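Enquirer: Provided herewith: entry-v4.csv, CSV, C-alpha atoms and all ligand atoms.
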chain,number,residue,atom,x,y,z
A,1,MET,CA,29.6,-3.6,-33.8
A,2,TYR,CA,28.8,-6.2,-31.2
A,3,ASP,CA,25.7,-8.2,-30.1
A,4,PRO,CA,24.8,-7.3,-26.5
A,5,LEU,CA,23.3,-10.7,-25.9
A,6,GLU,CA,26.5,-12.4,-26.9
A,7,LEU,CA,28.5,-9.9,-24.8
A,8,ALA,CA,26.2,-10.6,-21.8
A,9,ARG,CA,26.9,-14.4,-22.0
A,10,ALA,CA,30.7,-13.7,-22.2
A,11,VAL,CA,30.5,-11.3,-19.3
A,12,GLU,CA,28.4,-13.7,-17.2
A,13,ARG,CA,31.0,-16.4,-17.5
A,14,GLN,CA,33.5,-14.1,-15.8
A,15,VAL,CA,31.4,-12.2,-13.2
A,16,VAL,CA,29.0,-14.9,-12.1
A,17,SER,CA,30.1,-18.1,-10.4
A,18,GLY,CA,27.3,-20.3,-9.1
A,19,ASP,CA,25.3,-18.1,-6.7
A,20,ARG,CA,28.0,-15.5,-6.5
A,21,ARG,CA,28.4,-12.3,-8.5
A,22,LYS,CA,31.2,-9.7,-8.7
A,23,TYR,CA,30.7,-6.3,-7.0
A,24,TYR,CA,33.3,-3.5,-6.5
A,25,ARG,CA,31.7,-1.7,-3.7
A,26,PHE,CA,28.7,-1.2,-1.3
A,27,ARG,CA,27.8,2.4,-0.4
A,28,PRO,CA,25.1,4.8,0.9
A,29,SER,CA,23.7,7.1,-1.8
A,30,ARG,CA,21.6,10.3,-1.7
A,31,TYR,CA,19.5,9.3,-4.7
A,32,TYR,CA,15.8,8.3,-4.2
A,33,GLY,CA,15.9,10.1,-0.9
A,34,GLY,CA,18.6,7.8,0.5
A,35,ILE,CA,19.3,4.3,-0.9
A,36,TYR,CA,21.9,1.7,0.1
A,37,THR,CA,23.6,0.6,-3.1
A,38,ALA,CA,25.6,-2.4,-4.3
A,39,ASP,CA,27.8,-1.6,-7.4
A,40,ALA,CA,28.2,-4.7,-9.6
A,41,VAL,CA,30.9,-5.4,-12.1
A,42,GLY,CA,30.2,-6.2,-15.8
A,43,CYS,CA,27.8,-4.9,-18.4
A,44,ASN,CA,26.6,-6.0,-21.8
A,45,LEU,CA,26.9,-2.5,-23.2
A,46,ARG,CA,29.8,-0.1,-23.6
A,47,CYS,CA,28.2,3.3,-23.4
A,48,ILE,CA,30.6,6.0,-24.3
A,49,PHE,CA,29.2,8.3,-21.5
A,50,CYS,CA,29.2,5.6,-18.8
A,51,TRP,CA,30.3,7.0,-15.4
A,52,SER,CA,31.4,3.5,-14.3
A,53,TYR,CA,33.0,2.4,-17.6
A,54,ARG,CA,36.0,0.8,-15.9
A,55,TYR,CA,33.8,-1.5,-13.8
A,56,ALA,CA,31.4,-2.2,-16.7
A,57,SER,CA,34.2,-3.4,-19.0
A,58,ASP,CA,37.1,-4.5,-16.9
A,59,LEU,CA,36.0,-7.8,-15.5
A,60,THR,CA,39.1,-8.3,-13.3
A,61,GLN,CA,37.7,-5.7,-10.9
A,62,GLY,CA,35.8,-6.4,-7.7
A,63,LYS,CA,35.2,-9.5,-5.6
A,64,PHE,CA,32.6,-12.3,-5.7
A,65,TYR,CA,29.8,-12.1,-3.2
A,66,GLY,CA,27.0,-14.7,-2.6
A,67,SER,CA,23.4,-13.6,-2.8
A,68,HIS,CA,22.9,-14.0,1.0
A,69,GLU,CA,25.9,-11.8,1.7
A,70,VAL,CA,24.7,-9.1,-0.8
A,71,ALA,CA,21.2,-9.0,0.7
A,72,LYS,CA,22.7,-8.8,4.2
A,73,ILE,CA,25.0,-5.9,3.4
A,74,LEU,CA,22.2,-4.0,1.7
A,75,THR,CA,19.7,-4.6,4.5
A,76,GLU,CA,22.1,-3.8,7.3
A,77,GLY,CA,23.4,-0.7,5.4
A,78,ALA,CA,19.9,0.6,4.9
A,79,ARG,CA,18.8,-0.1,8.5
A,80,ARG,CA,21.8,1.7,9.9
A,81,ARG,CA,21.0,4.8,8.0
A,82,GLY,CA,17.2,4.6,8.3
A,83,TYR,CA,16.8,4.2,4.5
A,84,LYS,CA,13.7,2.6,3.0
A,85,ARG,CA,15.4,1.6,-0.3
A,86,VAL,CA,18.2,-0.6,-1.6
A,87,ARG,CA,19.5,-1.1,-5.2
A,88,ILE,CA,22.0,-2.7,-7.4
A,89,SER,CA,23.8,-0.3,-9.7
A,90,GLY,CA,27.2,0.3,-11.2
A,91,ALA,CA,26.9,-2.1,-14.2
A,92,GLU,CA,24.1,-4.4,-15.5
A,93,PRO,CA,22.4,-6.2,-12.6
A,94,THR,CA,20.3,-8.5,-14.8
A,95,ILE,CA,23.4,-10.4,-15.8
A,96,GLY,CA,23.3,-13.5,-13.6
A,97,LYS,CA,19.5,-14.0,-13.2
A,98,GLU,CA,19.7,-16.7,-10.5
A,99,HIS,CA,21.9,-14.5,-8.4
A,100,LEU,CA,19.6,-11.5,-8.7
A,101,ILE,CA,16.5,-13.4,-8.0
A,102,SER,CA,18.1,-14.9,-4.9
A,103,VAL,CA,19.1,-11.4,-3.7
A,104,LEU,CA,15.5,-10.2,-4.2
A,105,ARG,CA,14.2,-13.2,-2.2
A,106,GLU,CA,16.5,-12.3,0.7
A,107,VAL,CA,15.8,-8.6,1.0
A,108,PRO,CA,13.0,-8.0,3.5
A,109,PRO,CA,9.7,-7.0,1.9
A,110,ASP,CA,9.6,-3.7,3.8
A,111,LEU,CA,12.7,-2.5,1.9
A,112,HIS,CA,11.9,-1.1,-1.6
A,113,PHE,CA,14.3,-2.6,-4.2
A,114,ILE,CA,15.1,-0.5,-7.2
A,115,LEU,CA,16.5,-2.4,-10.1
A,116,GLU,CA,18.4,-0.2,-12.6
A,117,THR,CA,18.8,-1.9,-15.9
A,118,ASN,CA,19.3,-1.3,-19.7
A,119,GLY,CA,16.4,-3.8,-20.1
A,120,ILE,CA,18.0,-5.8,-22.9
A,121,LEU,CA,18.0,-9.2,-21.1
A,122,ILE,CA,14.5,-8.9,-19.7
A,123,ASP,CA,12.6,-11.4,-21.8
A,124,ARG,CA,9.1,-12.6,-20.9
A,125,ASN,CA,10.4,-15.3,-18.5
A,126,TYR,CA,12.7,-12.8,-16.7
A,127,ALA,CA,9.8,-10.3,-16.4
A,128,SER,CA,7.5,-13.0,-15.1
A,129,GLU,CA,10.0,-14.0,-12.4
A,130,LEU,CA,10.5,-10.3,-11.4
A,131,SER,CA,6.7,-9.9,-11.1
A,132,GLY,CA,6.7,-12.1,-7.9
A,133,PHE,CA,8.4,-9.3,-5.9
A,134,LYS,CA,6.0,-6.7,-4.8
A,135,ASN,CA,8.7,-4.5,-3.2
A,136,LEU,CA,10.5,-4.2,-6.6
A,137,HIS,CA,10.5,-1.2,-8.9
A,138,VAL,CA,12.4,-1.3,-12.2
A,139,ARG,CA,14.0,1.7,-13.9
A,140,VAL,CA,14.8,0.9,-17.5
A,141,SER,CA,17.4,3.4,-18.8
A,142,LEU,CA,17.3,3.7,-22.6
A,143,LYS,CA,20.6,4.5,-24.2
A,144,GLY,CA,19.4,7.1,-26.6
A,145,THR,CA,16.0,7.7,-28.2
A,146,ASN,CA,16.3,5.6,-31.4
A,147,PRO,CA,18.3,2.8,-32.9
A,148,GLU,CA,20.9,5.1,-34.6
A,149,GLU,CA,21.6,7.1,-31.4
A,150,PHE,CA,21.7,3.8,-29.4
A,151,SER,CA,24.3,2.4,-31.7
A,152,ARG,CA,26.4,5.5,-31.9
A,153,LEU,CA,26.5,5.8,-28.1
A,154,THR,CA,27.0,2.2,-27.2
A,155,GLY,CA,28.8,0.8,-30.2
A,156,ALA,CA,26.3,-2.1,-30.3
A,157,ARG,CA,24.2,-3.2,-33.2
A,158,PRO,CA,21.3,-0.7,-33.7
A,159,GLU,CA,18.5,-3.2,-33.7
A,160,PHE,CA,19.2,-3.9,-30.0
A,161,PHE,CA,17.6,-0.5,-29.2
A,162,TRP,CA,14.3,-2.4,-29.7
A,163,SER,CA,15.4,-5.1,-27.2
A,164,GLN,CA,15.3,-2.3,-24.6
A,165,ILE,CA,11.8,-1.4,-25.7
A,166,GLU,CA,10.8,-5.1,-25.6
A,167,GLY,CA,12.2,-5.3,-22.1
A,168,VAL,CA,9.9,-2.5,-21.1
A,169,ARG,CA,6.9,-4.1,-22.8
A,170,ASN,CA,7.6,-7.4,-21.0
A,171,LEU,CA,7.7,-5.7,-17.6
A,172,VAL,CA,4.5,-3.8,-18.3
A,173,GLU,CA,2.7,-6.9,-19.5
A,174,ALA,CA,3.9,-8.9,-16.4
A,175,GLY,CA,2.6,-6.2,-14.1
A,176,VAL,CA,6.0,-5.1,-12.7
A,177,SER,CA,6.3,-1.6,-11.4
A,178,VAL,CA,8.4,0.2,-14.0
A,179,HIS,CA,9.4,3.6,-15.3
A,180,VAL,CA,11.6,4.5,-18.2
A,181,SER,CA,14.5,7.0,-18.4
A,182,ALA,CA,16.4,7.9,-21.6
A,183,VAL,CA,19.7,9.6,-22.2
A,184,VAL,CA,18.5,12.9,-23.9
A,185,SER,CA,21.9,14.7,-24.0
A,186,PHE,CA,22.4,13.8,-27.7
A,187,THR,CA,18.9,13.9,-29.1
A,188,SER,CA,16.5,16.4,-30.6
A,189,LYS,CA,13.0,17.4,-29.7
A,190,ASP,CA,11.5,15.5,-32.6
A,191,ARG,CA,13.3,12.3,-31.7
A,192,LEU,CA,12.2,12.6,-28.1
A,193,VAL,CA,8.6,13.1,-29.1
A,194,ARG,CA,8.8,10.0,-31.3
A,195,LEU,CA,10.2,8.0,-28.4
A,196,LEU,CA,7.3,9.2,-26.2
A,197,GLY,CA,4.9,8.0,-28.8
A,198,ILE,CA,6.4,4.5,-28.7
A,199,LEU,CA,6.1,4.5,-24.9
A,200,THR,CA,2.5,5.7,-25.1
A,201,ASN,CA,1.7,2.6,-27.1
A,202,LEU,CA,3.0,0.4,-24.3
A,203,SER,CA,1.4,2.3,-21.4
A,204,GLU,CA,0.4,6.0,-20.9
A,205,GLU,CA,1.8,5.8,-17.4
A,206,LEU,CA,5.3,5.4,-18.9
A,207,VAL,CA,5.0,8.9,-20.5
A,208,GLU,CA,3.8,10.4,-17.2
A,209,SER,CA,6.7,8.9,-15.3
A,210,PHE,CA,9.3,9.4,-18.0
A,211,GLU,CA,12.7,10.5,-16.7
A,212,PRO,CA,15.0,12.5,-19.0
A,213,GLU,CA,18.6,11.6,-18.2
A,214,ILE,CA,21.3,14.2,-18.7
A,215,ILE,CA,24.9,12.9,-18.8
A,216,VAL,CA,27.5,14.1,-16.3
A,217,LEU,CA,30.8,15.2,-17.9
A,218,TYR,CA,33.3,13.5,-15.6
A,219,GLU,CA,36.8,13.9,-17.0
A,220,GLY,CA,37.0,10.3,-18.3
A,221,VAL,CA,33.5,10.7,-19.9
A,222,LYS,CA,34.6,13.9,-21.6
A,223,ARG,CA,37.8,12.4,-22.9
A,224,ARG,CA,36.0,9.4,-24.4
A,225,LEU,CA,33.3,11.5,-26.0
A,226,TYR,CA,35.5,14.2,-27.5
A,227,SER,CA,38.1,11.8,-28.8
A,228,ASN,CA,35.3,10.1,-30.7
A,229,ASN,CA,33.9,13.4,-32.0
A,230,ILE,CA,30.7,13.0,-30.0
A,231,PHE,CA,29.5,16.2,-28.5
A,232,PRO,CA,26.4,16.4,-26.2
A,233,LYS,CA,23.9,19.1,-26.7
A,234,ILE,CA,23.3,19.3,-23.0
A,235,ALA,CA,25.2,17.9,-20.0
A,236,LEU,CA,25.9,18.4,-16.3
A,237,THR,CA,29.3,19.3,-14.8
A,238,PRO,CA,30.4,17.0,-11.9
A,239,GLU,CA,29.3,19.9,-9.6
A,240,GLY,CA,25.8,19.8,-11.0
A,241,LYS,CA,25.9,22.9,-13.3
A,242,LEU,CA,23.8,22.5,-16.5
A,243,ILE,CA,25.7,23.4,-19.7
A,244,THR,CA,24.4,23.6,-23.2
A,245,ARG,CA,25.8,24.1,-26.7
A,246,ASP,CA,26.1,27.8,-25.8
A,247,GLY,CA,28.7,26.8,-23.3
A,248,ASP,CA,31.8,24.8,-24.0
A,249,LEU,CA,30.4,21.5,-25.2
A,250,THR,CA,31.9,21.7,-28.7
A,251,LYS,CA,35.4,22.3,-27.5
A,301,LIG,S1,24.4,0.2,-19.7
A,301,LIG,FE1,24.9,1.4,-17.9
A,301,LIG,S2,26.6,0.4,-16.8
A,301,LIG,FE2,26.4,-0.5,-18.9
A,301,LIG,S3,27.9,0.7,-20.1
A,301,LIG,FE3,25.9,1.7,-20.3
A,301,LIG,S4,25.8,3.3,-18.8
A,301,LIG,FE4,27.5,1.9,-18.2
Could you spell out this file's structure in structure tokens?
Ligand code: SF4

Expert:
Amino acid sequence: MYDPLELARAVERQVVSGDRRKYYRFRPSRYYGGIYTADAVGCNLRCIFCWSYRYASDLTQGKFYGSHEVAKILTEGARRRGYKRVRISGAEPTIGKEHLISVLREVPPDLHFILETNGILIDRNYASELSGFKNLHVRVSLKGTNPEEFSRLTGARPEFFWSQIEGVRNLVEAGVSVHVSAVVSFTSKDRLVRLLGILTNLSEELVESFEPEIIVLYEGVKRRLYSNNIFPKIALTPEGKLITRDGDLTK
């Protein structure tokens, strides 16, 4: 089992160089009612259900872009399509803090910036720096609903589940706009209720805005899951059809 903080440092050495960070593509996306998206390379987790596993773990992918260039591509892409939102997705955007903060500084304040993160690297200092951006909203995606699920799904040490929760706490305390999602494809009702109890203690608004995340069974995801004997209870097909244990998830 690995330590996601150590992995983050090792990944950062390869995907961040001065003000530049590696990205593998820039694209329009239909999510959030239309959002121009930069997909980064390199993550500090290795989730077995990750749709961009190759780009999260193979650090030879992509090209280096400076913060000014990233902000420019995002802004121009959003303007061209009449979008009000931009984001960094694809891997873990909080790796390379200086680069991310510089991108945030360069994105015009009328564009809403969505930061999608696993939250592990967001300590108090990081949250405090993020709190300076009023056009920022953070979506913390929890990888499972408790330490055991987190470890089974990511291969990381179980105690780092709590680092995700700490990341959320730091954002709430710093006054950053935040909501939490959690992968619920592998959990039970009881475990989900316990997670919601933990979130209630941080802020009741986190429960109201909670987003259940259902994994998508792309071919590569299915192969990784099934070869590790991990079977979701609920999932989506790439075409968007919901399937449950009554369907073919145990095959
Ligand atoms: S945290 Fe996100 S990008 Fe990283 S491996 Fe997990 S699902 Fe993929």

Enquirer: Can you work out which one of A:Thr94, A:Ser29, A:Ser185, A:Ser209 has the shortest atom-to-atom distance to Thr145 in chain A, counting all atoms listed in the file?

Expert: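 Once distances to Thr145 in chain A are computed over all atoms listed in the file, the minimum belongs to A:Ser185.
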
Enquirer: Identify, on the basis of all atoms listed in the file, every residue whose closest approach to range 109-125 of chain A does not exceed 6 Å; exclude the query and any residue fewer than 6 positions from it along the same chain; express the result as a ChimeraX atom specification.

Expert: /A:84-87,92,135-141,163-164,167,170

Enquirer: Please determine, counting all atoms listed in the file, which residue among A:Asp39, A:Glu173, A:Glu129, A:Glu12 has the shortest atom-to-atom distance to ligand LIG 301 (chain A).

Expert: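 Smallest separation from ligand LIG 301 (chain A) among the options: A:Asp39.
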
Enquirer: Just want the residues within 6 Å of ligand LIG 301 (chain A), written as an MDAnalysis selection string, counting all atoms listed in the file.

Expert: chainID A and resid 43 45:47 50 52:53 56 90:92 118

Enquirer: Can you measure CA of Leu206 in chain A to CA of His179 in chain A for me? One decimal in Å is fine.

Expert: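 So the two atoms, CA of Leu206 in chain A and CA of His179 in chain A, lie 5.7 Å apart.
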
Enquirer: Can you tell me, as a ChimeraX atom specification, which residues sit within 9 Å of (24.6, -5.0, -1.8) in the file's frame, using all atoms listed in the file?

Expert: /A:23,25-27,36-40,65,67,69-75,77,86-88,103

Enquirer: Enter the distance from CA of Leu7 in chain A to CA of Gly42 in chain A, in Å, rounded to one decimal.

Expert: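 If I compute the distance from CA of Leu7 in chain A to CA of Gly42 in chain A, I get 9.9 Å.
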
Enquirer: Expressed in Å to a single decimal, how great is the separation between CA of Gly82 in chain A and CA of Tyr31 in chain A?

Expert: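 It comes out at 14.0 Å.
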
Enquirer: I need the residue nearest Lys63 in chain A from this list: A:Lys134, A:Leu192, A:Phe231, A:Arg20. Use only C-alpha atoms for the distance.

Expert: A:Arg20

Enquirer: Determine the nearest neighbour of Asn201 in chain A from the options A:Leu242, A:Leu130, A:Ala10, A:Val168, counting all atoms listed in the file.

Expert: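 Once distances to Asn201 in chain A are computed over all atoms listed in the file, the minimum belongs to A:Val168.
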
Enquirer: Would you mind telling me which residue in A:Ala235, A:Ala156, A:Leu100, A:Ala174 lies nearest to Gly132 in chain A when using all atoms listed in the file?

Expert: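 Going through A:Ala235, A:Ala156, A:Leu100, A:Ala174 one by one, the smallest distance to Gly132 in chain A is for A:Ala174.
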
Enquirer: Do you know which residues are at most 10 Å from Trp51 in chain A counting all atoms listed in the file, after dropping those on the same chain fewer than 3 positions away, and could you put them as a PyMOL selection string?

Expert: chain A and resi 47-48+54-56+90-91+215-221

Enquirer: I'd like the contact shell of Met1 in chain A - 12 Å cut-off, all atoms listed in the file, skipping same-chain residues fewer than 5 positions apart - returned as number ranges by chain.

Expert: A: 6-7, 45-46, 150-160

Enquirer: Export, as a PDB file, keeping the file's coordinate frame, the selected residues with C-alpha atoms.

Expert:
ATOM      1  CA  GLU A   6      26.500 -12.400 -26.900  1.00  0.00           C
ATOM      2  CA  LEU A   7      28.500  -9.900 -24.800  1.00  0.00           C
ATOM      3  CA  LEU A  45      26.900  -2.500 -23.200  1.00  0.00           C
ATOM      4  CA  ARG A  46      29.800  -0.100 -23.600  1.00  0.00           C
ATOM      5  CA  PHE A 150      21.700   3.800 -29.400  1.00  0.00           C
ATOM      6  CA  SER A 151      24.300   2.400 -31.700  1.00  0.00           C
ATOM      7  CA  ARG A 152      26.400   5.500 -31.900  1.00  0.00           C
ATOM      8  CA  LEU A 153      26.500   5.800 -28.100  1.00  0.00           C
ATOM      9  CA  THR A 154      27.000   2.200 -27.200  1.00  0.00           C
ATOM     10  CA  GLY A 155      28.800   0.800 -30.200  1.00  0.00           C
ATOM     11  CA  ALA A 156      26.300  -2.100 -30.300  1.00  0.00           C
ATOM     12  CA  ARG A 157      24.200  -3.200 -33.200  1.00  0.00           C
ATOM     13  CA  PRO A 158      21.300  -0.700 -33.700  1.00  0.00           C
ATOM     14  CA  GLU A 159      18.500  -3.200 -33.700  1.00  0.00           C
ATOM     15  CA  PHE A 160      19.200  -3.900 -30.000  1.00  0.00           C
TER      16      PHE A 160
END

Enquirer: With only C-alpha atoms as the basis for distance, which of A:Glu149, A:Asp19, A:Asp3, A:Glu166 is at the shortest distance from Pro232 in chain A?

Expert: A:Glu149

Enquirer: Give me range 212-235 of chain A with N, CA and C atoms filled in, as a PDB file, keeping the file's coordinate frame.

Expert:
ATOM      1  N   PRO A 212      13.900  12.143 -18.105  1.00  0.00           N
ATOM      2  CA  PRO A 212      15.000  12.500 -19.000  1.00  0.00           C
ATOM      3  C   PRO A 212      16.325  12.394 -18.284  1.00  0.00           C
ATOM      4  N   GLU A 213      17.302  11.769 -18.910  1.00  0.00           N
ATOM      5  CA  GLU A 213      18.600  11.600 -18.200  1.00  0.00           C
ATOM      6  C   GLU A 213      19.642  12.441 -18.934  1.00  0.00           C
ATOM      7  N   ILE A 214      20.302  13.280 -18.170  1.00  0.00           N
ATOM      8  CA  ILE A 214      21.300  14.200 -18.700  1.00  0.00           C
ATOM      9  C   ILE A 214      22.693  13.661 -18.250  1.00  0.00           C
ATOM     10  N   ILE A 215      23.609  13.478 -19.173  1.00  0.00           N
ATOM     11  CA  ILE A 215      24.900  12.900 -18.800  1.00  0.00           C
ATOM     12  C   ILE A 215      25.724  13.856 -17.938  1.00  0.00           C
ATOM     13  N   VAL A 216      26.603  13.281 -17.127  1.00  0.00           N
ATOM     14  CA  VAL A 216      27.500  14.100 -16.300  1.00  0.00           C
ATOM     15  C   VAL A 216      28.899  14.017 -16.965  1.00  0.00           C
ATOM     16  N   LEU A 217      29.493  15.182 -17.207  1.00  0.00           N
ATOM     17  CA  LEU A 217      30.800  15.200 -17.900  1.00  0.00           C
ATOM     18  C   LEU A 217      31.955  15.065 -16.912  1.00  0.00           C
ATOM     19  N   TYR A 218      32.075  13.848 -16.369  1.00  0.00           N
ATOM     20  CA  TYR A 218      33.300  13.500 -15.600  1.00  0.00           C
ATOM     21  C   TYR A 218      34.458  13.571 -16.578  1.00  0.00           C
ATOM     22  N   GLU A 219      35.682  13.744 -16.067  1.00  0.00           N
ATOM     23  CA  GLU A 219      36.800  13.900 -17.000  1.00  0.00           C
ATOM     24  C   GLU A 219      36.966  12.720 -17.939  1.00  0.00           C
ATOM     25  N   GLY A 220      36.825  11.479 -17.419  1.00  0.00           N
ATOM     26  CA  GLY A 220      37.000  10.300 -18.300  1.00  0.00           C
ATOM     27  C   GLY A 220      35.884  10.263 -19.351  1.00  0.00           C
ATOM     28  N   VAL A 221      34.662  10.656 -18.983  1.00  0.00           N
ATOM     29  CA  VAL A 221      33.500  10.700 -19.900  1.00  0.00           C
ATOM     30  C   VAL A 221      33.825  11.685 -21.028  1.00  0.00           C
ATOM     31  N   LYS A 222      34.268  12.871 -20.602  1.00  0.00           N
ATOM     32  CA  LYS A 222      34.600  13.900 -21.600  1.00  0.00           C
ATOM     33  C   LYS A 222      35.629  13.491 -22.566  1.00  0.00           C
ATOM     34  N   ARG A 223      36.688  12.857 -22.022  1.00  0.00           N
ATOM     35  CA  ARG A 223      37.800  12.400 -22.900  1.00  0.00           C
ATOM     36  C   ARG A 223      37.283  11.406 -23.927  1.00  0.00           C
ATOM     37  N   ARG A 224      36.477  10.411 -23.462  1.00  0.00           N
ATOM     38  CA  ARG A 224      36.000   9.400 -24.400  1.00  0.00           C
ATOM     39  C   ARG A 224      35.090  10.000 -25.470  1.00  0.00           C
ATOM     40  N   LEU A 225      34.194  10.900 -25.038  1.00  0.00           N
ATOM     41  CA  LEU A 225      33.300  11.500 -26.000  1.00  0.00           C
ATOM     42  C   LEU A 225      34.012  12.351 -27.025  1.00  0.00           C
ATOM     43  N   TYR A 226      34.851  13.244 -26.548  1.00  0.00           N
ATOM     44  CA  TYR A 226      35.500  14.200 -27.500  1.00  0.00           C
ATOM     45  C   TYR A 226      36.461  13.515 -28.393  1.00  0.00           C
ATOM     46  N   SER A 227      37.141  12.470 -27.890  1.00  0.00           N
ATOM     47  CA  SER A 227      38.100  11.800 -28.800  1.00  0.00           C
ATOM     48  C   SER A 227      37.356  10.984 -29.855  1.00  0.00           C
ATOM     49  N   ASN A 228      36.064  10.754 -29.660  1.00  0.00           N
ATOM     50  CA  ASN A 228      35.300  10.100 -30.700  1.00  0.00           C
ATOM     51  C   ASN A 228      34.383  11.058 -31.461  1.00  0.00           C
ATOM     52  N   ASN A 229      34.669  12.354 -31.275  1.00  0.00           N
ATOM     53  CA  ASN A 229      33.900  13.400 -32.000  1.00  0.00           C
ATOM     54  C   ASN A 229      32.410  13.332 -31.681  1.00  0.00           C
ATOM     55  N   ILE A 230      32.073  13.008 -30.449  1.00  0.00           N
ATOM     56  CA  ILE A 230      30.700  13.000 -30.000  1.00  0.00           C
ATOM     57  C   ILE A 230      30.500  14.122 -29.011  1.00  0.00           C
ATOM     58  N   PHE A 231      29.619  15.064 -29.329  1.00  0.00           N
ATOM     59  CA  PHE A 231      29.500  16.200 -28.500  1.00  0.00           C
ATOM     60  C   PHE A 231      28.013  16.339 -28.003  1.00  0.00           C
ATOM     61  N   PRO A 232      27.800  16.280 -26.675  1.00  0.00           N
ATOM     62  CA  PRO A 232      26.400  16.400 -26.200  1.00  0.00           C
ATOM     63  C   PRO A 232      25.845  17.771 -26.434  1.00  0.00           C
ATOM     64  N   LYS A 233      24.519  17.825 -26.525  1.00  0.00           N
ATOM     65  CA  LYS A 233      23.900  19.100 -26.700  1.00  0.00           C
ATOM     66  C   LYS A 233      23.602  19.737 -25.308  1.00  0.00           C
ATOM     67  N   ILE A 234      23.533  18.859 -24.326  1.00  0.00           N
ATOM     68  CA  ILE A 234      23.300  19.300 -23.000  1.00  0.00           C
ATOM     69  C   ILE A 234      23.916  18.315 -22.014  1.00  0.00           C
ATOM     70  N   ALA A 235      24.500  18.836 -20.934  1.00  0.00           N
ATOM     71  CA  ALA A 235      25.200  17.900 -20.000  1.00  0.00           C
ATOM     72  C   ALA A 235      25.279  18.649 -18.630  1.00  0.00           C
TER      73      ALA A 235
END
